[in-house]
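**Q** Below is the file final.cif, which contains mmCIF, C-alpha atoms and all ligand atoms.
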```
data_input
#
loop_
_atom_site.label_atom_id
_atom_site.label_comp_id
_atom_site.auth_asym_id
_atom_site.auth_seq_id
_atom_site.Cartn_x
_atom_site.Cartn_y
_atom_site.Cartn_z
CA MET A 25 0.00 0.00 0.00
CA ILE A 26 1.06 3.63 -0.45
CA PRO A 27 1.59 5.57 2.82
CA ALA A 28 -0.69 8.46 3.73
CA ALA A 29 0.79 11.89 2.89
CA PHE A 30 3.33 13.34 5.32
CA ASP A 31 5.79 16.22 5.53
CA TYR A 32 9.49 15.38 5.74
CA GLU A 33 12.36 17.19 7.44
CA VAL A 34 15.98 16.15 7.85
CA ALA A 35 17.34 16.87 11.34
CA THR A 36 20.87 18.27 11.38
CA SER A 37 21.45 17.68 15.12
CA ALA A 38 19.75 16.02 18.07
CA ASP A 39 18.59 19.44 19.31
CA HIS A 40 17.18 20.22 15.85
CA ALA A 41 15.33 16.88 15.86
CA LEU A 42 13.81 17.67 19.26
CA SER A 43 12.74 21.12 18.15
CA LEU A 44 11.11 19.70 14.98
CA LEU A 45 9.41 17.04 17.11
CA GLY A 46 8.23 19.64 19.62
CA SER A 47 6.65 21.81 16.91
CA ASP A 48 4.21 19.10 15.75
CA PRO A 49 2.53 16.64 18.15
CA ASP A 50 1.86 14.20 15.27
CA ALA A 51 5.47 14.16 14.00
CA LYS A 52 7.51 10.94 14.24
CA LEU A 53 11.22 10.27 14.16
CA ILE A 54 12.57 8.01 11.45
CA ALA A 55 15.96 6.34 11.97
CA GLY A 56 16.68 3.23 9.85
CA GLY A 57 13.05 3.06 8.70
CA HIS A 58 12.98 -0.73 8.78
CA SER A 59 10.02 -0.88 11.17
CA LEU A 60 8.43 2.51 10.51
CA ILE A 61 8.27 2.35 6.70
CA PRO A 62 6.36 -0.98 6.70
CA ALA A 63 4.00 0.55 9.31
CA LEU A 64 3.49 3.61 7.06
CA LYS A 65 2.79 1.41 4.07
CA LEU A 66 0.21 -0.58 6.05
CA ARG A 67 -1.17 2.78 7.28
CA VAL A 68 -0.84 1.53 10.86
CA ALA A 69 1.18 4.72 11.39
CA ARG A 70 -0.01 8.01 9.83
CA PRO A 71 2.31 10.74 11.14
CA SER A 72 1.83 14.30 9.86
CA LYS A 73 5.61 14.71 9.60
CA LEU A 74 8.69 12.50 9.52
CA VAL A 75 11.79 13.89 11.24
CA ASP A 76 14.74 12.05 9.70
CA ILE A 77 17.47 11.40 12.27
CA GLY A 78 19.15 8.72 10.17
CA ARG A 79 22.11 10.95 9.27
CA LEU A 80 22.95 12.14 12.79
CA GLY A 81 26.57 11.02 13.09
CA GLU A 82 26.72 12.60 16.57
CA LEU A 83 24.47 9.75 17.81
CA ALA A 84 26.33 6.89 16.08
CA TYR A 85 29.10 5.68 18.40
CA VAL A 86 30.28 3.16 20.96
CA ARG A 87 32.37 4.78 23.72
CA ASP A 88 34.22 3.60 26.79
CA ALA A 89 32.48 5.11 29.83
CA GLY A 90 34.43 3.60 32.74
CA ASP A 91 32.64 0.47 33.95
CA LYS A 92 30.09 0.89 31.15
CA LEU A 93 29.94 1.27 27.38
CA ALA A 94 27.85 4.11 25.98
CA ILE A 95 26.13 3.38 22.67
CA GLY A 96 24.61 6.16 20.56
CA ALA A 97 20.99 5.51 19.58
CA LEU A 98 21.79 5.85 15.85
CA THR A 99 24.39 3.08 15.88
CA ARG A 100 23.44 0.51 13.25
CA TYR A 101 23.42 -3.25 13.81
CA LYS A 102 26.39 -3.79 11.51
CA ALA A 103 28.45 -1.24 13.44
CA LEU A 104 27.45 -2.91 16.73
CA ARG A 105 28.40 -6.32 15.38
CA ASP A 106 31.81 -5.10 14.19
CA ASP A 107 32.65 -2.87 17.17
CA ALA A 108 35.88 -3.87 18.95
CA LEU A 109 34.86 -2.38 22.33
CA LEU A 110 31.60 -4.33 22.37
CA GLN A 111 33.31 -7.51 21.18
CA GLU A 112 35.80 -7.22 24.04
CA HIS A 113 33.61 -5.94 26.89
CA CYS A 114 30.00 -6.82 26.07
CA PRO A 115 30.01 -9.48 23.33
CA ILE A 116 26.36 -10.44 23.89
CA VAL A 117 25.42 -7.12 22.21
CA SER A 118 27.71 -7.44 19.17
CA THR A 119 26.83 -11.12 18.69
CA THR A 120 23.07 -10.52 18.96
CA ALA A 121 23.27 -7.55 16.55
CA GLY A 122 24.77 -9.96 14.02
CA LEU A 123 21.68 -12.21 14.34
CA VAL A 124 19.14 -9.50 13.45
CA GLY A 125 17.32 -9.84 10.12
CA ASP A 126 19.51 -9.93 7.02
CA PRO A 127 22.46 -7.79 5.81
CA GLN A 128 20.14 -5.09 4.45
CA VAL A 129 18.34 -4.78 7.80
CA ARG A 130 21.66 -4.75 9.67
CA HIS A 131 23.06 -1.98 7.46
CA ARG A 132 20.05 0.31 8.05
CA GLY A 133 18.42 -0.60 11.38
CA THR A 134 19.57 1.18 14.54
CA ILE A 135 19.71 0.13 18.18
CA GLY A 136 17.63 3.18 19.13
CA GLY A 137 14.95 2.35 16.56
CA SER A 138 14.85 -1.25 17.73
CA LEU A 139 14.37 -0.31 21.39
CA ALA A 140 12.01 2.64 20.74
CA HIS A 141 9.80 0.50 18.50
CA GLY A 142 9.01 -1.77 21.49
CA ASP A 143 8.41 -4.93 19.46
CA PRO A 144 8.48 -7.90 21.88
CA ALA A 145 9.81 -10.07 19.00
CA SER A 146 12.93 -7.88 18.54
CA ASP A 147 16.27 -9.22 19.72
CA LEU A 148 18.11 -6.36 21.42
CA PRO A 149 15.34 -5.49 23.94
CA ALA A 150 15.72 -8.81 25.82
CA VAL A 151 19.51 -8.44 25.78
CA MET A 152 19.20 -4.94 27.28
CA LEU A 153 16.86 -6.31 29.96
CA ALA A 154 19.25 -9.13 30.87
CA LEU A 155 22.18 -6.68 31.00
CA GLY A 156 20.32 -4.16 33.17
CA ALA A 157 21.03 -1.45 30.59
CA GLU A 158 20.21 2.22 31.14
CA LEU A 159 18.44 4.21 28.43
CA VAL A 160 18.97 7.94 28.09
CA ILE A 161 15.85 9.78 26.92
CA ARG A 162 16.14 13.44 25.92
CA GLY A 163 13.22 15.87 25.71
CA GLY A 164 12.71 19.61 25.42
CA VAL A 165 13.51 20.15 29.12
CA GLY A 166 16.55 17.92 29.56
CA GLU A 167 17.28 14.23 29.81
CA ARG A 168 16.35 11.35 32.08
CA ILE A 169 17.79 7.89 32.53
CA VAL A 170 15.38 4.96 32.51
CA PRO A 171 16.43 1.42 33.50
CA ALA A 172 15.59 -1.26 30.91
CA THR A 173 13.26 -2.84 33.52
CA GLN A 174 11.01 0.24 33.29
CA PHE A 175 11.46 1.06 29.60
CA PHE A 176 9.26 -1.52 27.85
CA THR A 177 5.64 -0.87 28.86
CA GLY A 178 3.55 -2.86 26.34
CA VAL A 179 3.36 -4.12 22.76
CA PHE A 180 5.00 -1.35 20.69
CA GLN A 181 4.99 0.87 23.80
CA THR A 182 7.89 2.29 25.76
CA ALA A 183 8.68 4.94 28.35
CA ILE A 184 9.57 7.45 25.60
CA GLY A 185 7.00 10.25 25.86
CA PRO A 186 5.69 12.75 23.28
CA GLY A 187 8.43 15.10 22.06
CA GLU A 188 11.21 12.86 23.43
CA MET A 189 13.92 10.80 21.77
CA LEU A 190 16.20 8.01 22.89
CA THR A 191 19.77 9.23 22.56
CA GLU A 192 22.05 6.74 24.32
CA ILE A 193 22.10 3.23 25.76
CA ARG A 194 24.54 2.30 28.55
CA VAL A 195 25.52 -1.32 29.07
CA PRO A 196 27.83 -2.76 31.75
CA LYS A 197 31.28 -4.05 30.82
CA LEU A 198 31.27 -7.78 31.50
CA THR A 199 34.29 -9.36 33.13
CA GLY A 200 35.60 -12.91 32.68
CA ALA A 201 33.40 -13.88 35.66
CA THR A 202 30.28 -13.47 33.52
CA GLY A 203 29.24 -16.05 30.94
CA TRP A 204 26.75 -14.99 28.29
CA SER A 205 24.57 -16.35 25.51
CA TYR A 206 21.72 -15.33 23.22
CA VAL A 207 20.03 -18.27 21.55
CA LYS A 208 17.46 -17.40 18.89
CA LEU A 209 15.10 -19.83 17.25
CA SER A 210 13.37 -18.69 14.06
CA ARG A 211 11.72 -20.45 11.14
CA ARG A 212 14.01 -18.90 8.52
CA ALA A 213 17.47 -17.39 8.99
CA GLN A 214 16.36 -13.77 8.45
CA ASP A 215 13.14 -13.96 10.50
CA TRP A 216 12.27 -12.42 13.85
CA ALA A 217 12.66 -14.84 16.75
CA THR A 218 9.85 -17.29 17.31
CA VAL A 219 11.42 -17.43 20.76
CA ALA A 220 14.86 -16.37 22.00
CA VAL A 221 16.61 -16.35 25.36
CA ALA A 222 19.38 -14.06 26.65
CA ALA A 223 21.37 -15.57 29.52
CA LEU A 224 24.06 -14.06 31.74
CA VAL A 225 25.64 -16.08 34.56
CA HIS A 226 27.84 -14.36 37.14
CA ARG A 227 30.39 -16.61 38.86
CA ASP A 228 31.99 -16.02 42.23
CA ASN A 229 34.65 -18.26 43.84
CA GLY A 230 33.95 -20.93 41.25
CA GLY A 231 30.18 -21.02 41.99
CA LEU A 232 27.18 -19.30 40.44
CA ALA A 233 26.52 -16.02 42.29
CA ALA A 234 23.66 -14.69 40.14
CA ALA A 235 21.90 -15.24 36.83
CA SER A 236 20.06 -12.87 34.58
CA ILE A 237 17.76 -14.45 32.01
CA ALA A 238 15.46 -12.57 29.60
CA LEU A 239 12.97 -13.80 27.03
CA THR A 240 12.13 -12.55 23.52
CA ASN A 241 8.57 -12.96 22.17
CA MET A 242 7.08 -14.58 25.26
CA GLY A 243 4.71 -11.74 26.19
CA ALA A 244 3.81 -8.12 25.51
CA THR A 245 7.32 -6.98 26.43
CA PRO A 246 10.69 -8.68 26.86
CA LEU A 247 10.51 -10.51 30.18
CA ARG A 248 12.92 -11.54 32.93
CA ALA A 249 12.62 -15.26 33.74
CA THR A 250 12.92 -14.72 37.49
CA ALA A 251 11.89 -18.28 38.45
CA VAL A 252 14.78 -19.60 36.32
CA GLU A 253 17.20 -17.09 37.86
CA ASP A 254 16.12 -18.12 41.39
CA ALA A 255 16.42 -21.83 40.57
CA LEU A 256 19.93 -21.39 39.13
CA THR A 257 21.22 -19.38 42.11
CA ALA A 258 19.70 -22.01 44.44
CA GLY A 259 21.89 -24.59 42.70
CA ALA A 260 19.52 -26.16 40.12
CA LYS A 261 21.08 -27.75 37.03
CA PRO A 262 20.32 -26.02 33.66
CA THR A 263 17.77 -28.72 32.71
CA GLU A 264 15.85 -28.29 35.98
CA ALA A 265 16.03 -24.49 35.95
CA ALA A 266 14.95 -24.27 32.29
CA GLU A 267 11.70 -26.08 33.16
CA HIS A 268 10.58 -22.74 34.70
CA MET A 269 11.39 -20.74 31.53
CA ALA A 270 7.72 -20.09 30.63
CA ASP A 271 6.49 -19.47 34.21
CA GLY A 272 4.50 -16.24 34.39
CA THR A 273 4.71 -15.58 30.64
CA ASP A 274 1.88 -14.92 28.19
CA PRO A 275 3.27 -15.93 24.80
CA PRO A 276 1.41 -14.99 21.61
CA SER A 277 -0.11 -17.48 19.16
CA ASP A 278 0.59 -16.63 15.51
CA VAL A 279 1.59 -18.21 12.20
CA ALA A 280 5.05 -19.06 13.55
CA ALA A 281 3.90 -20.95 16.68
CA SER A 282 1.06 -21.46 19.14
CA ALA A 283 1.42 -20.13 22.68
CA GLU A 284 1.78 -23.70 23.96
CA PHE A 285 4.54 -24.53 21.46
CA ARG A 286 6.33 -21.26 22.31
CA ALA A 287 6.33 -22.26 25.99
CA HIS A 288 7.92 -25.58 25.01
CA LEU A 289 10.47 -23.83 22.76
CA ALA A 290 11.37 -21.41 25.56
CA ARG A 291 12.33 -24.35 27.79
CA VAL A 292 14.43 -25.95 25.02
CA VAL A 293 16.10 -22.74 23.84
CA GLY A 294 16.53 -21.53 27.44
CA LYS A 295 18.39 -24.67 28.47
CA ARG A 296 20.76 -24.22 25.51
CA ALA A 297 21.34 -20.57 26.42
CA ILE A 298 22.12 -21.37 30.07
CA GLU A 299 24.50 -24.17 29.09
CA GLU A 300 26.28 -21.96 26.56
CA ALA A 301 26.58 -19.11 29.09
CA LEU A 302 28.02 -21.50 31.69
CA SER A 303 30.57 -22.75 29.15
CA ARG A 304 31.94 -19.23 28.43
C1 LIG A 401 12.88 -7.97 6.77
C2 LIG A 401 13.11 -7.51 8.18
C3 LIG A 401 13.59 -8.41 9.11
C4 LIG A 401 13.81 -8.01 10.43
N1 LIG A 401 14.27 -8.93 11.32
C5 LIG A 401 14.50 -8.55 12.58
C6 LIG A 401 15.03 -9.47 13.54
O1 LIG A 401 15.34 -10.63 13.24
N2 LIG A 401 15.24 -9.02 14.80
C7 LIG A 401 14.95 -7.74 15.18
O2 LIG A 401 15.17 -7.40 16.34
N3 LIG A 401 14.45 -6.85 14.31
C8 LIG A 401 14.22 -7.23 13.02
N4 LIG A 401 13.71 -6.30 12.14
C9 LIG A 401 13.39 -4.93 12.61
C10 LIG A 401 14.63 -4.06 12.48
O3 LIG A 401 15.51 -4.46 13.49
C11 LIG A 401 14.34 -2.56 12.63
O4 LIG A 401 15.45 -1.92 12.06
C12 LIG A 401 14.21 -2.02 14.01
O5 LIG A 401 13.15 -2.67 14.68
C13 LIG A 401 13.87 -0.54 13.99
O6 LIG A 401 15.04 0.23 13.83
P1 LIG A 401 15.06 1.40 12.78
O7 LIG A 401 16.29 2.17 13.04
O8 LIG A 401 14.85 0.84 11.43
O9 LIG A 401 13.82 2.29 13.27
P2 LIG A 401 12.65 3.02 12.45
O10 LIG A 401 11.91 2.03 11.64
O11 LIG A 401 13.18 4.22 11.78
O12 LIG A 401 11.75 3.50 13.69
C14 LIG A 401 11.02 2.58 14.46
C15 LIG A 401 10.24 3.35 15.55
O13 LIG A 401 11.14 3.88 16.51
C16 LIG A 401 11.04 5.32 16.56
N5 LIG A 401 12.42 5.78 16.74
C17 LIG A 401 13.49 5.48 15.96
N6 LIG A 401 14.62 5.98 16.50
C18 LIG A 401 14.23 6.62 17.64
C19 LIG A 401 14.93 7.33 18.66
N7 LIG A 401 16.26 7.48 18.64
N8 LIG A 401 14.21 7.84 19.71
C20 LIG A 401 12.87 7.70 19.77
N9 LIG A 401 12.15 7.02 18.84
C21 LIG A 401 12.84 6.49 17.79
C22 LIG A 401 10.38 5.74 15.27
O14 LIG A 401 9.65 6.96 15.42
C23 LIG A 401 9.46 4.56 15.01
O15 LIG A 401 8.28 4.69 15.78
C24 LIG A 401 13.51 -6.67 10.82
C25 LIG A 401 13.02 -5.77 9.88
C26 LIG A 401 12.82 -6.17 8.57
C27 LIG A 401 12.29 -5.16 7.60
#
```
If you took the structure in this file and wrote it as structure tokens, what would it be?
**A**
Amino acid sequence: MIPAAFDYEVATSADHALSLLGSDPDAKLIAGGHSLIPALKLRVARPSKLVDIGRLGELAYVRDAGDKLAIGALTRYKALRDDALLQEHCPIVSTTAGLVGDPQVRHRGTIGGSLAHGDPASDLPAVMLALGAELVIRGGVGERIVPATQFFTGVFQTAIGPGEMLTEIRVPKLTGATGWSYVKLSRRAQDWATVAVAALVHRDNGGLAAASIALTNMGATPLRATAVEDALTAGAKPTEAAEHMADGTDPPSDVAASAEFRAHLARVVGKRAIEEALSR
């Protein structure tokens, strides 16, 4: 379908983007366009104006920020995948970015667009939840920092308010004491996850001190699998802990899988993710 008519402006800076956004309550940001353009074509989204932030080099970076890495919202999946700082200090992000869509999607799509879109089937949201990432949201009156646990509020809904934009994502540097994995199961290589599991295991004195497990496409938002985390820290083996992977979830039923099958897949994929994290 052809999108409804809209005005179009290219932002030359983040401040310019915010001022364009503030001048029209029905304006929308466009970054990589890989979620928004399909929505425009389906007329699910009908903004009066598109504010193009896709060329804002000032928001495309990965920087060392002490015990964290700061990632600009306009950083594209390919840049995340190839980034040496991420590969060394937070490889779950670079590896997962390399699993998104196909090369075309990875060359255009941005981390900010992925998180702001709030699609529970997207890959990076669950990784951010497992990592305990912080998201920097800038508006007309300054910026605020929202933890990933409070960022995803519903299907295609996030904590970003009208006139605001996501500018930066902060992830912790992982040490050798933390094992990690993101296991994604999809019907075809370039598809969204039918189900995926992000797993982080933190070791202390040779034992497991804590685990952080998050699920993709098992509810309206990415979800922490707290029952699995509790079981692992209480000493359960991966197979036993993974039995709790679907506890408290509300998976969708669609052409890819029924809710019941998704719950089964979560247990299978989750066990693999925990085992891989423990092996790293
Ligand atoms: C064929 C195909 C396969 C795909 N497969 C996968 C997959 O396997 N895994 C996966 O995770 N994703 C997948 N995607 C989605 C892809 O990752 C999108 O690129 C991503 O979801 C959105 O990023 P974008 O930069 O393209 O955002 P856009 O489409 O430009 O924007 C998406 C939404 O976010 C808003 N937005 C964008 N940037 C900001 C910002 N900085 N601050 C506030 N709001 C903002 C926009 O206003 C819009 O509402 C796929 C897409 C396609 C077309």
**Q** Taking all atoms listed in the file into account, list the residues no farther than 6 Å from ligand LIG 401 (chain A), as a PyMOL selection string.
**A** chain A and resi 52-60+97+124-125+129+133-134+136-138+140-141+146-148+189-191+214-216
**Q** May I ask which of the residues A:Leu232, A:Ala213, A:Ala145, A:Leu139 is the closest one to Ala183 of chain A, counting all atoms listed in the file?
**A** A:Leu139
**Q** Between atom CA of Ile184 of chain A and atom CA of Lys65 of chain A, measure the distance and give it in Å to one decimal.
**A**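 About the pair atom CA of Ile184 of chain A and atom CA of Lys65 of chain A: they are 23.4 Å apart.
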**Q** Can you pull out every residue within 8 Å of Asn241 of chain A, counting only C-alpha atoms, but drop anything in the same chain fewer than 4 positions away, and send it as a list in words?
**A**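 The filter keeps Pro144, Ala145, Ser146, Ala217, Thr218, Val219, Ala220, Thr245, Pro246, Pro275 and Pro276 of chain A.
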**Q** Please tell me which residues are no farther than 10 Å from (2.7, 15.4, 21.4) in the file, counting all atoms listed in the file, and write them as a PyMOL selection string.
**A** chain A and resi 45-52+185-188
**Q** Could you pull the residues within 7 Å of segment 152-159 of chain A, counting only C-alpha atoms, minus those fewer than 5 positions along the same chain, as a short mmCIF file (atom, residue, chain, number, x, y, z; two decimals) with C-alpha atoms, in the coordinates of the input?
**A**
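Result went into around.cif, see below:
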```cif
data_model
loop_
_atom_site.label_atom_id
_atom_site.label_comp_id
_atom_site.auth_asym_id
_atom_site.auth_seq_id
_atom_site.Cartn_x
_atom_site.Cartn_y
_atom_site.Cartn_z
CA ILE A 169 17.79 7.89 32.53
CA VAL A 170 15.38 4.96 32.51
CA PRO A 171 16.43 1.42 33.50
CA ALA A 172 15.59 -1.26 30.91
CA THR A 173 13.26 -2.84 33.52
CA GLU A 192 22.05 6.74 24.32
CA ILE A 193 22.10 3.23 25.76
CA ARG A 194 24.54 2.30 28.55
CA VAL A 195 25.52 -1.32 29.07
CA PRO A 196 27.83 -2.76 31.75
CA ALA A 222 19.38 -14.06 26.65
CA ALA A 223 21.37 -15.57 29.52
CA LEU A 224 24.06 -14.06 31.74
CA SER A 236 20.06 -12.87 34.58
CA ILE A 237 17.76 -14.45 32.01
CA ALA A 238 15.46 -12.57 29.60
#
```
**Q** From the list A:Arg168, A:Arg304, A:Lys261, A:His131, which residue is nearest Arg100 of chain A when using all atoms listed in the file?
**A** A:His131
**Q** By how many Å are atom CA of Ala89 of chain A and atom CA of Asp76 of chain A apart?
**A** 27.7 Å
**Q** Figure out the distance between atom CA of Lys295 of chain A and atom CA of Leu198 of chain A, please, to one decimal in Å.
**A**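 The value is 21.5 Å.
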**Q** When distances are computed from all atoms listed in the file, which of A:Leu64, A:Cys114, A:Val165, A:Val34 shows the smallest separation from Asp91 of chain A?
**A**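 Selected residue with least distance to Asp91 of chain A: A:Cys114.
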**Q** Name the closest residue to Lys73 of chain A among the candidates A:Pro149, A:Tyr32, A:Ala258, A:Met25; distances are taken between atoms, counting all atoms listed in the file.
**A**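 Ranked by minimum distance to Lys73 of chain A, first place goes to A:Tyr32.
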**Q** When distances are computed from only C-alpha atoms, which of A:Leu44, A:Leu109, A:Leu98, A:Ala297 shows the smallest separation from Lys197 of chain A?
**A** A:Leu109
